[in-house]
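Enquirer: Input upload_2.txt, format and content: compact mmCIF, C-alpha atoms.
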# COMPACT_ATOMS: atom_id res chain seq x y z
CA MET J 21 -120.89 -13.82 -13.24
CA THR J 22 -119.34 -12.62 -9.99
CA LEU J 23 -119.42 -14.59 -6.79
CA ALA J 24 -121.75 -12.05 -5.21
CA SER J 25 -124.34 -12.35 -7.95
CA ARG J 26 -124.09 -16.13 -7.91
CA GLY J 27 -124.61 -16.00 -4.16
CA ARG J 28 -127.65 -13.82 -4.68
CA ALA J 29 -129.01 -16.32 -7.21
CA VAL J 30 -128.53 -19.25 -4.80
CA THR J 31 -130.17 -17.27 -2.00
CA ALA J 32 -133.10 -16.34 -4.24
CA VAL J 33 -133.67 -19.98 -5.15
CA ALA J 34 -133.38 -20.98 -1.49
CA LEU J 35 -135.87 -18.32 -0.40
CA LEU J 36 -138.28 -19.52 -3.08
CA LEU J 37 -137.90 -23.07 -1.81
CA LEU J 38 -138.42 -21.75 1.73
CA VAL J 39 -141.89 -20.63 0.63
CA GLY J 40 -142.35 -24.27 -0.34
CA VAL J 41 -141.38 -25.31 3.20
CA TYR J 42 -144.07 -23.02 4.64
CA VAL J 43 -146.72 -24.28 2.22
CA ARG J 44 -145.82 -27.90 2.79
CA ALA J 45 -145.56 -27.57 6.56
CA LEU J 46 -148.82 -25.65 6.94
CA ALA J 47 -151.05 -27.27 4.31
CA PHE J 48 -149.69 -30.68 3.45
CA THR J 49 -148.30 -31.97 6.75
CA PRO J 50 -150.75 -33.26 9.38
CA LEU J 51 -151.16 -31.65 12.79
CA GLU J 52 -149.21 -33.26 15.58
CA ARG J 53 -151.61 -34.99 17.95
CA PHE J 54 -150.45 -33.48 21.27
CA GLN J 55 -148.82 -30.21 20.29
CA GLY J 56 -151.23 -29.08 17.60
CA ALA J 57 -150.32 -26.15 15.40
CA ALA J 58 -147.43 -25.10 17.65
CA GLN J 59 -145.41 -28.02 16.38
CA LYS J 60 -145.27 -26.47 12.89
CA ILE J 61 -142.39 -24.24 14.00
CA PHE J 62 -140.36 -27.44 14.23
CA TYR J 63 -139.82 -27.30 10.45
CA LEU J 64 -137.97 -23.99 10.85
CA HIS J 65 -136.44 -24.36 14.29
CA VAL J 66 -134.60 -27.63 13.75
CA PRO J 67 -133.20 -26.80 10.29
CA ALA J 68 -132.05 -23.38 11.58
CA ALA J 69 -130.26 -25.16 14.42
CA TRP J 70 -128.71 -27.48 11.86
CA SER J 71 -127.42 -24.54 9.80
CA ALA J 72 -126.04 -22.81 12.89
CA MET J 73 -124.14 -25.97 13.86
CA LEU J 74 -123.00 -26.56 10.31
CA ALA J 75 -121.66 -23.00 10.19
CA MET J 76 -119.63 -23.53 13.38
CA GLY J 77 -118.24 -26.79 12.02
CA MET J 78 -117.20 -24.95 8.88
CA VAL J 79 -115.57 -22.18 10.95
CA GLY J 80 -113.55 -24.85 12.76
CA LEU J 81 -112.57 -26.60 9.54
CA ALA J 82 -111.61 -23.37 7.79
CA SER J 83 -109.60 -22.32 10.87
CA VAL J 84 -107.57 -25.53 10.79
CA LEU J 85 -106.96 -25.13 7.07
CA TYR J 86 -105.95 -21.51 7.56
CA LEU J 87 -103.35 -22.36 10.18
CA LEU J 88 -101.98 -25.18 8.02
CA LEU J 89 -101.93 -23.42 4.65
CA LYS J 90 -101.94 -19.70 5.65
CA ASP J 91 -104.30 -18.96 2.79
CA GLN J 92 -106.32 -15.77 3.39
CA ARG J 93 -109.32 -17.27 1.61
CA PHE J 94 -109.91 -19.71 4.47
CA ASP J 95 -109.92 -16.84 6.93
CA ARG J 96 -112.44 -14.92 4.84
CA PHE J 97 -114.57 -18.03 4.57
CA ALA J 98 -114.46 -18.58 8.35
CA ALA J 99 -115.49 -14.97 8.95
CA ALA J 100 -118.37 -15.30 6.47
CA SER J 101 -119.50 -18.60 7.96
CA ALA J 102 -119.41 -17.19 11.50
CA GLU J 103 -121.60 -14.24 10.60
CA VAL J 104 -124.13 -16.39 8.78
CA GLY J 105 -124.07 -18.88 11.66
CA THR J 106 -124.86 -16.07 14.10
CA ALA J 107 -127.91 -15.19 12.02
CA PHE J 108 -129.15 -18.79 12.06
CA CYS J 109 -128.50 -18.90 15.79
CA VAL J 110 -130.79 -15.92 16.24
CA VAL J 111 -133.49 -17.69 14.22
CA MET J 112 -133.09 -20.80 16.36
CA LEU J 113 -133.04 -18.91 19.67
CA THR J 114 -136.19 -16.94 18.79
CA THR J 115 -138.24 -19.80 17.34
CA GLY J 116 -137.27 -22.06 20.26
CA PRO J 117 -138.99 -20.07 23.03
CA LEU J 118 -141.99 -19.46 20.76
CA TRP J 119 -142.39 -23.21 20.52
CA ALA J 120 -141.50 -23.91 24.14
CA ARG J 121 -144.07 -21.53 25.63
CA PRO J 122 -147.21 -23.44 24.53
CA VAL J 123 -145.62 -26.90 24.66
CA TRP J 124 -143.38 -26.87 27.72
CA GLY J 125 -145.26 -24.03 29.42
CA THR J 126 -142.13 -21.92 29.77
CA TRP J 127 -140.15 -19.64 27.48
CA TRP J 128 -136.83 -20.88 28.59
CA ALA J 129 -135.49 -23.95 30.36
CA TRP J 130 -131.94 -24.82 31.28
CA ASP J 131 -132.08 -27.93 29.26
CA ALA J 132 -129.03 -29.48 27.63
CA ARG J 133 -129.54 -28.56 24.04
CA LEU J 134 -130.85 -25.08 24.86
CA THR J 135 -127.79 -24.32 26.90
CA LEU J 136 -125.55 -25.73 24.20
CA THR J 137 -127.03 -23.51 21.52
CA LEU J 138 -126.96 -20.49 23.79
CA PHE J 139 -123.24 -20.99 24.23
CA LEU J 140 -122.87 -21.59 20.51
CA PHE J 141 -124.37 -18.13 20.13
CA PHE J 142 -121.94 -16.65 22.66
CA LEU J 143 -119.03 -18.32 20.92
CA TYR J 144 -120.10 -16.68 17.68
CA ILE J 145 -120.41 -13.31 19.39
CA GLY J 146 -117.00 -13.72 21.02
CA TYR J 147 -115.51 -14.75 17.68
CA LEU J 148 -116.93 -11.71 15.90
CA LEU J 149 -115.91 -9.39 18.76
CA LEU J 150 -112.36 -10.73 18.66
CA ARG J 151 -112.19 -10.11 14.92
CA GLN J 152 -113.22 -6.51 15.57
CA ALA J 153 -110.81 -5.97 18.41
CA VAL J 154 -107.58 -7.13 16.78
CA GLY J 155 -105.64 -4.26 15.24
CA ASP J 156 -101.92 -4.76 14.76
CA PRO J 157 -99.78 -6.84 14.24
CA PRO J 158 -100.72 -7.58 10.62
CA GLY J 159 -102.15 -11.02 10.09
CA ALA J 160 -102.97 -11.34 13.78
CA ARG J 161 -106.71 -11.15 13.19
CA ALA J 162 -106.72 -14.25 11.01
CA ARG J 163 -104.45 -16.21 13.36
CA TYR J 164 -106.27 -15.26 16.54
CA SER J 165 -109.68 -15.98 15.10
CA ALA J 166 -108.47 -19.32 13.75
CA VAL J 167 -107.27 -20.28 17.23
CA LEU J 168 -110.60 -19.29 18.76
CA GLY J 169 -112.53 -21.01 15.95
CA ILE J 170 -110.77 -24.31 16.58
CA CYS J 171 -111.10 -24.11 20.37
CA GLY J 172 -114.78 -23.20 20.06
CA THR J 173 -115.57 -26.11 17.79
CA VAL J 174 -113.82 -28.52 20.15
CA LEU J 175 -115.63 -26.99 23.14
CA LEU J 176 -119.15 -27.68 21.84
CA PRO J 177 -119.21 -31.46 22.42
CA PHE J 178 -117.90 -30.87 25.96
CA ILE J 179 -120.62 -28.35 26.73
CA HIS J 180 -123.17 -30.76 25.31
CA LEU J 181 -121.92 -33.69 27.39
CA SER J 182 -121.64 -31.73 30.61
CA VAL J 183 -124.99 -29.97 30.47
CA TYR J 184 -126.57 -33.23 29.34
CA LEU J 185 -125.90 -34.53 32.83
CA PHE J 186 -128.62 -32.18 34.00
CA ARG J 187 -132.05 -33.50 33.06
CA THR J 188 -133.07 -32.56 29.57
CA LEU J 189 -136.53 -31.43 28.43
CA HIS J 190 -135.79 -31.67 24.73
CA PRO J 191 -137.25 -34.54 22.74
CA GLN J 192 -134.80 -37.37 22.26
CA PRO J 193 -133.30 -37.67 18.76
CA ILE J 194 -135.98 -38.65 16.28
CA VAL J 195 -134.15 -38.82 12.96
CA LEU J 196 -130.46 -39.58 13.48
CA LYS J 197 -130.58 -42.53 15.85
CA PRO J 198 -129.75 -46.22 15.62
CA SER J 199 -133.33 -47.38 14.99
CA ALA J 200 -135.58 -46.09 12.21
CA PRO J 201 -136.78 -42.45 12.44
CA SER J 202 -139.78 -42.22 14.76
CA LEU J 203 -141.34 -39.41 12.79
CA PRO J 204 -144.29 -40.16 10.47
CA GLY J 205 -143.19 -40.27 6.83
CA VAL J 206 -145.00 -37.08 5.77
CA MET J 207 -143.42 -35.04 8.57
CA LEU J 208 -140.01 -36.53 7.89
CA VAL J 209 -140.18 -35.53 4.23
CA THR J 210 -141.10 -31.96 5.17
CA LEU J 211 -138.27 -31.84 7.71
CA LEU J 212 -135.66 -33.23 5.32
CA TYR J 213 -136.83 -30.87 2.61
CA SER J 214 -136.45 -27.99 5.05
CA PHE J 215 -132.98 -29.19 6.00
CA GLY J 216 -132.04 -29.02 2.33
CA VAL J 217 -133.47 -25.51 1.99
CA PHE J 218 -131.64 -24.22 5.06
CA THR J 219 -128.38 -25.72 3.85
CA LEU J 220 -128.88 -23.96 0.54
CA LEU J 221 -129.68 -20.71 2.38
CA TYR J 222 -126.45 -21.11 4.32
CA ILE J 223 -124.49 -21.60 1.09
CA GLY J 224 -126.14 -18.60 -0.55
CA PHE J 225 -125.53 -16.32 2.43
CA VAL J 226 -121.92 -17.42 2.84
CA MET J 227 -121.21 -16.86 -0.85
CA GLN J 228 -122.47 -13.30 -0.61
CA ARG J 229 -120.71 -12.56 2.65
CA TYR J 230 -117.49 -14.06 1.31
CA ALA J 231 -117.73 -11.82 -1.74
CA VAL J 232 -118.02 -8.78 0.56
CA GLY J 233 -114.95 -9.92 2.46
CA GLU J 234 -113.08 -10.34 -0.82
CA GLU J 235 -114.05 -6.81 -1.88
CA SER J 236 -112.94 -5.16 1.34
CA ALA J 237 -109.66 -7.11 1.32
CA HIS J 238 -108.81 -5.80 -2.11
CA ALA J 239 -110.12 -2.30 -1.55
CA MET D 73 -88.80 -33.50 25.57
CA SER D 74 -86.59 -32.85 28.58
CA ASP D 75 -85.44 -29.61 26.95
CA LEU D 76 -89.05 -28.60 26.47
CA LEU D 77 -89.83 -29.04 30.14
CA ARG D 78 -86.53 -27.60 31.35
CA HIS D 79 -87.07 -24.44 29.34
CA ALA D 80 -90.69 -24.32 30.45
CA TRP D 81 -89.55 -24.46 34.05
CA VAL D 82 -87.17 -21.52 33.48
CA ILE D 83 -90.05 -19.45 32.12
CA ALA D 84 -92.34 -20.48 34.96
CA ARG D 85 -89.71 -19.68 37.56
CA LYS D 86 -89.10 -16.28 36.01
CA ASP D 87 -92.82 -15.46 36.25
CA LEU D 88 -93.11 -16.73 39.77
CA VAL D 89 -90.05 -14.78 40.92
CA ILE D 90 -91.53 -11.59 39.47
CA GLU D 91 -94.74 -12.41 41.28
CA LEU D 92 -92.96 -13.15 44.52
CA ARG D 93 -91.07 -9.85 44.45
CA SER D 94 -94.08 -7.60 44.01
CA ARG D 95 -96.92 -9.77 45.34
CA THR D 96 -99.41 -7.12 44.18
CA ALA D 97 -101.18 -9.42 41.75
CA PHE D 98 -101.41 -12.24 44.25
CA VAL D 99 -102.72 -10.08 47.05
CA SER D 100 -105.27 -8.37 44.83
CA THR D 101 -106.50 -11.68 43.39
CA LEU D 102 -106.81 -13.07 46.89
CA VAL D 103 -108.69 -10.02 48.14
CA PHE D 104 -110.95 -10.30 45.10
CA THR D 105 -111.63 -13.97 45.90
CA VAL D 106 -112.55 -13.19 49.49
CA LEU D 107 -114.79 -10.35 48.39
CA VAL D 108 -116.62 -12.59 45.94
CA LEU D 109 -117.19 -15.13 48.71
CA ILE D 110 -118.57 -12.39 50.94
CA VAL D 111 -120.77 -10.99 48.20
CA PHE D 112 -122.19 -14.46 47.60
CA ASN D 113 -123.18 -14.67 51.24
CA PHE D 114 -125.48 -11.70 50.74
CA GLY D 115 -126.87 -13.14 47.55
CA ARG D 116 -128.98 -15.66 49.44
CA ASP D 117 -131.68 -15.63 52.05
CA PRO D 118 -130.16 -17.60 54.94
CA THR D 119 -133.57 -18.47 56.36
CA ALA D 120 -134.86 -19.87 53.07
CA THR D 121 -131.90 -21.58 51.37
CA ALA D 122 -129.73 -24.16 53.05
CA VAL D 123 -126.08 -23.25 52.64
CA LEU D 124 -125.24 -26.77 51.50
CA ASP D 125 -127.46 -26.31 48.43
CA LEU D 126 -125.47 -23.29 47.33
CA ALA D 127 -122.01 -24.08 48.63
CA PRO D 128 -120.73 -26.08 45.62
CA GLY D 129 -121.82 -23.34 43.24
CA ILE D 130 -120.36 -20.58 45.39
CA LEU D 131 -117.00 -22.32 45.64
CA CYS D 132 -116.71 -23.20 41.94
CA VAL D 133 -117.95 -19.86 40.60
CA THR D 134 -115.62 -17.95 42.92
CA TYR D 135 -112.68 -20.01 41.73
CA THR D 136 -113.65 -19.46 38.10
CA PHE D 137 -113.69 -15.69 38.60
CA ALA D 138 -110.42 -15.77 40.49
CA ALA D 139 -108.75 -17.80 37.75
CA MET D 140 -109.96 -15.40 35.10
CA LEU D 141 -108.65 -12.40 36.98
CA ALA D 142 -105.30 -14.09 37.42
CA LEU D 143 -105.03 -14.98 33.73
CA ASN D 144 -105.15 -11.39 32.63
CA ARG D 145 -101.76 -10.81 34.14
CA ALA D 146 -99.95 -13.78 32.56
CA PHE D 147 -98.98 -12.00 29.37
CA GLN D 148 -99.67 -8.47 30.57
CA LEU D 149 -96.38 -8.93 32.38
CA GLU D 150 -94.59 -9.32 29.06
CA LEU D 151 -95.98 -6.14 27.53
CA GLU D 152 -93.75 -3.81 29.54
CA ASN D 153 -90.52 -2.92 27.77
CA GLN D 154 -91.49 -5.29 24.96
CA ALA D 155 -90.47 -8.24 27.06
CA LEU D 156 -92.53 -10.54 24.86
CA GLU D 157 -90.34 -9.79 21.84
CA GLY D 158 -87.29 -10.63 23.92
CA LEU D 159 -88.90 -13.84 25.10
CA LEU D 160 -89.70 -14.85 21.54
CA LEU D 161 -86.12 -14.18 20.46
CA THR D 162 -84.69 -16.62 22.98
CA PRO D 163 -83.68 -19.91 21.38
CA ILE D 164 -86.37 -21.98 23.06
CA SER D 165 -89.45 -23.45 21.47
CA ARG D 166 -92.78 -21.65 21.56
CA ARG D 167 -94.31 -24.64 23.29
CA SER D 168 -91.85 -24.25 26.19
CA ILE D 169 -93.00 -20.67 26.59
CA TYR D 170 -96.61 -21.79 26.66
CA ILE D 171 -96.03 -24.63 29.11
CA GLY D 172 -93.94 -22.34 31.32
CA LYS D 173 -96.71 -19.75 31.38
CA LEU D 174 -99.22 -22.47 32.11
CA ILE D 175 -97.18 -23.80 35.05
CA ALA D 176 -96.80 -20.30 36.49
CA ASN D 177 -100.51 -19.62 36.09
CA LEU D 178 -101.44 -22.91 37.69
CA ALA D 179 -99.15 -22.22 40.64
CA PHE D 180 -100.66 -18.76 41.01
CA VAL D 181 -104.28 -19.89 40.74
CA GLY D 182 -103.62 -22.96 42.88
CA LEU D 183 -102.21 -20.83 45.65
CA VAL D 184 -105.18 -18.48 45.53
CA GLU D 185 -107.52 -21.48 45.69
CA ALA D 186 -105.58 -23.02 48.54
CA VAL D 187 -105.84 -19.85 50.61
CA GLY D 188 -109.45 -19.32 49.56
CA LEU D 189 -110.66 -22.75 50.65
CA PRO D 190 -110.26 -22.31 54.44
CA LEU D 191 -111.99 -18.94 54.17
CA PHE D 192 -114.85 -20.61 52.32
CA VAL D 193 -115.07 -23.21 55.07
CA VAL D 194 -115.13 -20.52 57.75
CA PHE D 195 -117.64 -18.26 56.01
CA PHE D 196 -120.09 -20.95 54.96
CA ASN D 197 -119.51 -23.47 57.71
CA VAL D 198 -119.16 -26.39 55.32
CA PRO D 199 -117.13 -29.19 56.89
CA VAL D 200 -114.65 -30.41 54.28
CA GLY D 201 -112.08 -32.08 56.52
CA HIS D 202 -113.11 -35.65 55.75
CA VAL D 203 -113.22 -35.11 51.97
CA LEU D 204 -110.24 -32.79 51.67
CA PRO D 205 -108.02 -34.95 49.39
CA ALA D 206 -110.93 -35.73 47.06
CA LEU D 207 -112.01 -32.09 47.03
CA ALA D 208 -108.48 -30.88 46.30
CA GLY D 209 -108.15 -33.33 43.43
CA LEU D 210 -111.50 -32.32 42.04
CA ILE D 211 -110.66 -28.61 42.19
CA ALA D 212 -107.32 -29.30 40.53
CA LEU D 213 -109.01 -31.24 37.73
CA SER D 214 -111.51 -28.48 37.12
CA THR D 215 -108.86 -25.75 37.21
CA VAL D 216 -106.20 -27.20 34.92
CA GLY D 217 -108.14 -27.32 31.64
CA PHE D 218 -109.74 -23.94 32.18
CA VAL D 219 -106.41 -22.27 32.96
CA ALA D 220 -104.85 -24.00 29.92
CA VAL D 221 -107.36 -22.37 27.57
CA GLY D 222 -107.13 -19.10 29.47
CA THR D 223 -103.35 -18.98 29.13
CA LEU D 224 -103.71 -19.45 25.39
CA PHE D 225 -106.35 -16.73 25.13
CA SER D 226 -104.49 -14.28 27.32
CA ALA D 227 -101.60 -14.43 24.86
CA MET D 228 -104.01 -13.26 22.16
CA VAL D 229 -106.11 -10.70 23.97
CA ILE D 230 -103.26 -8.62 25.36
CA ARG D 231 -102.75 -7.32 21.85
CA THR D 232 -106.39 -6.49 21.23
CA ARG D 233 -108.34 -3.44 22.22
CA PHE D 234 -110.22 -3.77 25.54
CA ALA D 235 -108.09 -6.74 26.57
CA GLU D 236 -109.52 -6.91 30.08
CA LEU D 237 -113.03 -7.12 28.69
CA MET D 238 -112.16 -9.47 25.90
CA LEU D 239 -110.76 -12.28 28.01
CA PRO D 240 -113.91 -12.98 30.07
CA VAL D 241 -116.11 -12.77 26.98
CA LEU D 242 -114.00 -15.33 25.16
CA GLN D 243 -113.28 -17.49 28.14
CA LEU D 244 -116.48 -17.82 30.12
CA PRO D 245 -118.07 -20.24 27.62
CA PHE D 246 -115.03 -22.43 28.19
CA SER D 247 -115.69 -22.45 31.92
CA ILE D 248 -119.03 -24.21 31.49
CA PRO D 249 -117.93 -27.85 31.24
CA PRO D 250 -115.48 -27.66 34.19
CA LEU D 251 -117.91 -25.58 36.22
CA VAL D 252 -120.92 -27.85 35.65
CA LEU D 253 -118.95 -31.01 36.33
CA ALA D 254 -117.16 -29.59 39.37
CA VAL D 255 -120.42 -28.35 40.89
CA LEU D 256 -122.11 -31.72 40.37
CA ALA D 257 -119.19 -33.62 41.85
CA THR D 258 -118.62 -31.18 44.75
CA ALA D 259 -122.29 -31.38 45.66
CA LYS D 260 -121.97 -35.16 45.93
CA LEU D 261 -118.85 -34.79 48.08
CA PHE D 262 -120.43 -32.23 50.43
CA THR D 263 -123.48 -34.41 50.96
CA GLY D 264 -121.30 -37.35 51.90
CA ARG D 265 -121.78 -39.49 48.80
CA PRO D 266 -118.87 -41.81 47.95
CA LEU D 267 -116.42 -40.61 45.33
CA GLU D 268 -117.29 -43.54 43.05
CA GLU D 269 -120.60 -41.86 42.24
CA SER D 270 -118.74 -38.94 40.68
CA LEU D 271 -116.42 -41.08 38.60
CA GLY D 272 -118.22 -40.19 35.37
CA TYR D 273 -117.82 -36.46 36.07
CA LEU D 274 -114.17 -36.89 36.92
CA LYS D 275 -113.48 -38.81 33.73
CA LEU D 276 -115.13 -36.11 31.65
CA LEU D 277 -113.15 -33.43 33.53
CA ALA D 278 -109.94 -35.31 32.84
CA ALA D 279 -110.85 -35.63 29.17
CA TYR D 280 -111.51 -31.89 29.00
CA ASP D 281 -108.13 -31.17 30.60
CA ILE D 282 -106.21 -33.49 28.29
CA VAL D 283 -107.92 -32.20 25.14
CA PHE D 284 -107.48 -28.53 25.97
CA ILE D 285 -103.93 -28.74 27.26
CA GLY D 286 -103.00 -30.59 24.07
CA LEU D 287 -104.90 -28.23 21.82
CA SER D 288 -103.57 -25.10 23.50
CA THR D 289 -99.98 -26.33 23.35
CA LEU D 290 -100.47 -27.09 19.68
CA LEU D 291 -102.12 -23.74 18.88
CA PHE D 292 -99.97 -21.43 20.99
CA PRO D 293 -97.29 -20.82 18.32
CA ALA D 294 -100.02 -19.40 16.07
CA THR D 295 -100.73 -16.67 18.63
CA VAL D 296 -97.16 -15.33 18.78
CA ASP D 297 -95.56 -16.11 15.41
CA GLU D 298 -96.06 -13.53 12.71
Just give me the structure of the file as structure tokens.

Expert:
Amino acid sequence: MTLASRGRAVTAVALLLLVGVYVRALAFTPLERFQGAAQKIFYLHVPAAWSAMLAMGMVGLASVLYLLLKDQRFDRFAAASAEVGTAFCVVMLTTGPLWARPVWGTWWAWDARLTLTLFLFFLYIGYLLLRQAVGDPPGARARYSAVLGICGTVLLPFIHLSVYLFRTLHPQPIVLKPSAPSLPGVMLVTLLYSFGVFTLLYIGFVMQRYAVGEESAHA
Amino acid sequence: MSDLLRHAWVIARKDLVIELRSRTAFVSTLVFTVLVLIVFNFGRDPTATAVLDLAPGILCVTYTFAAMLALNRAFQLELENQALEGLLLTPISRRSIYIGKLIANLAFVGLVEAVGLPLFVVFFNVPVGHVLPALAGLIALSTVGFVAVGTLFSAMVIRTRFAELMLPVLQLPFSIPPLVLAVLATAKLFTGRPLEESLGYLKLLAAYDIVFIGLSTLLFPATVDE
């Protein structure tokens, strides 16, 4: 079984489980008291953000490994992860305003996490543009993108910290915080389930994209 | 270590001498800076917005643009007659080359900022006399890290297509932390708040500078070695 077909299989399973997320979120998770039905998008928005961040972390990690070991596979993996991350970023940046409009009363706000993810998106775009723009010398594309991948990953916490100093509209952390999660159990289960599904989607997509990269490298 | 810095200084001096002889890049960057300041003046309604509300943003954004324009030339210089190949053949470490380029860029950008500041004061009538040392330190802190990353990137983008377009696209996201922090701290300075209130911003700026100077020095060899 080739990598591409295994990737397709993983993606198919993940998409099937995604149907489960919809069913669970819509039918088996209670309505939020203040936000009503609009809050349901939470179960897609937050996991998509998670996958987009995960993808950038993986780009950074693969970039470090590439510069240390000079193994082309890490470069191909970073490229695959960046493209998939861009897709998840788009999901996050479209579901966000859809949720914000009824709840915050505005499509967009210059809030800390919003700004962070917007720049995450621009980092991805810059990364992909750079990959396109490098011609000669041979091997330069992998090296340049590794340098940008590392710098970009290091930049994100700084953007987060600095824009955090402006007032933020986003809810404070509800799951990963020192005290117990402040989300009702049923909602937490749906969210965690969705996190799992989006991680699996990420893996499936990256496997397929990596296989494409492998093909074009050997062609 | 002393070799590293000595070699870096040679590189920096070389760049600055080239700059001094032609002065084209410096003059055009300066003219650009003044033009941006002037354009900003027409981007506000003077009867509706107090200048002090906008001044920190105008100053910091102008400096960001000026720095970016200046960075394009750092390695562009080395493209003529394959000077970069010659530079790489010299028996000095890659890190010296990077640090030398960084010093030259900082001197260049610093000079542009130093000449730009009085013009900003004149155009926008913001009294800075009493906070000048603090303001200069703050501008320096917000410039160093940004120029460090920019120097690294300019070594990469000169060998890509659309180099002049590529650098801003890659670099502007990196201007956000210094820009946000510098604007917040400058606003406090301009409104007469004590410097202690901005200590948090300054610490974060310093952290940004240290991290990105270190990272860029570490990564620079990867941008020139084949």

Enquirer: Report, in Å to a single decimal, how far apart atom CA of Gly169 of chain J and atom CA of Leu143 of chain J are.

Expert: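 Separation between atom CA of Leu143 of chain J and atom CA of Gly169 of chain J: 8.6 Å.
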
Enquirer: Show me, as a ChimeraX atom specification, every residue of chain D with an atom at most 9 Å from chain J, counting only C-alpha atoms.

Expert: /D:221,224-225,228-229,231-235,238,241-243,245-246,248-250,252-253,256,273,276,280,283-284,287-288,291-292,294-298

Enquirer: Report, in Å to a single decimal, how far apart atom CA of Gly172 of chain D and atom CA of Arg85 of chain D are.

Expert: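 Taking atom CA of Arg85 of chain D and atom CA of Gly172 of chain D, their separation equals 8.0 Å.
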
Enquirer: Could you state the separation of atom CA of Ile61 of chain J and atom CA of Leu221 of chain J in Å, given to one decimal place?

Expert: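 Atom CA of Leu221 of chain J lies 17.6 Å from atom CA of Ile61 of chain J.
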
Enquirer: Show me, as a list in words, the residues that have an atom within 9 Å of Thr215 of chain D when counting only C-alpha atoms, minus same-chain residues fewer than 4 positions from it.

Expert: Tyr135, Thr136, Ala139, Leu178, Val181, Gly182, Leu210, Ile211, Val219, Ala220, Pro250 and Asp281 of chain D
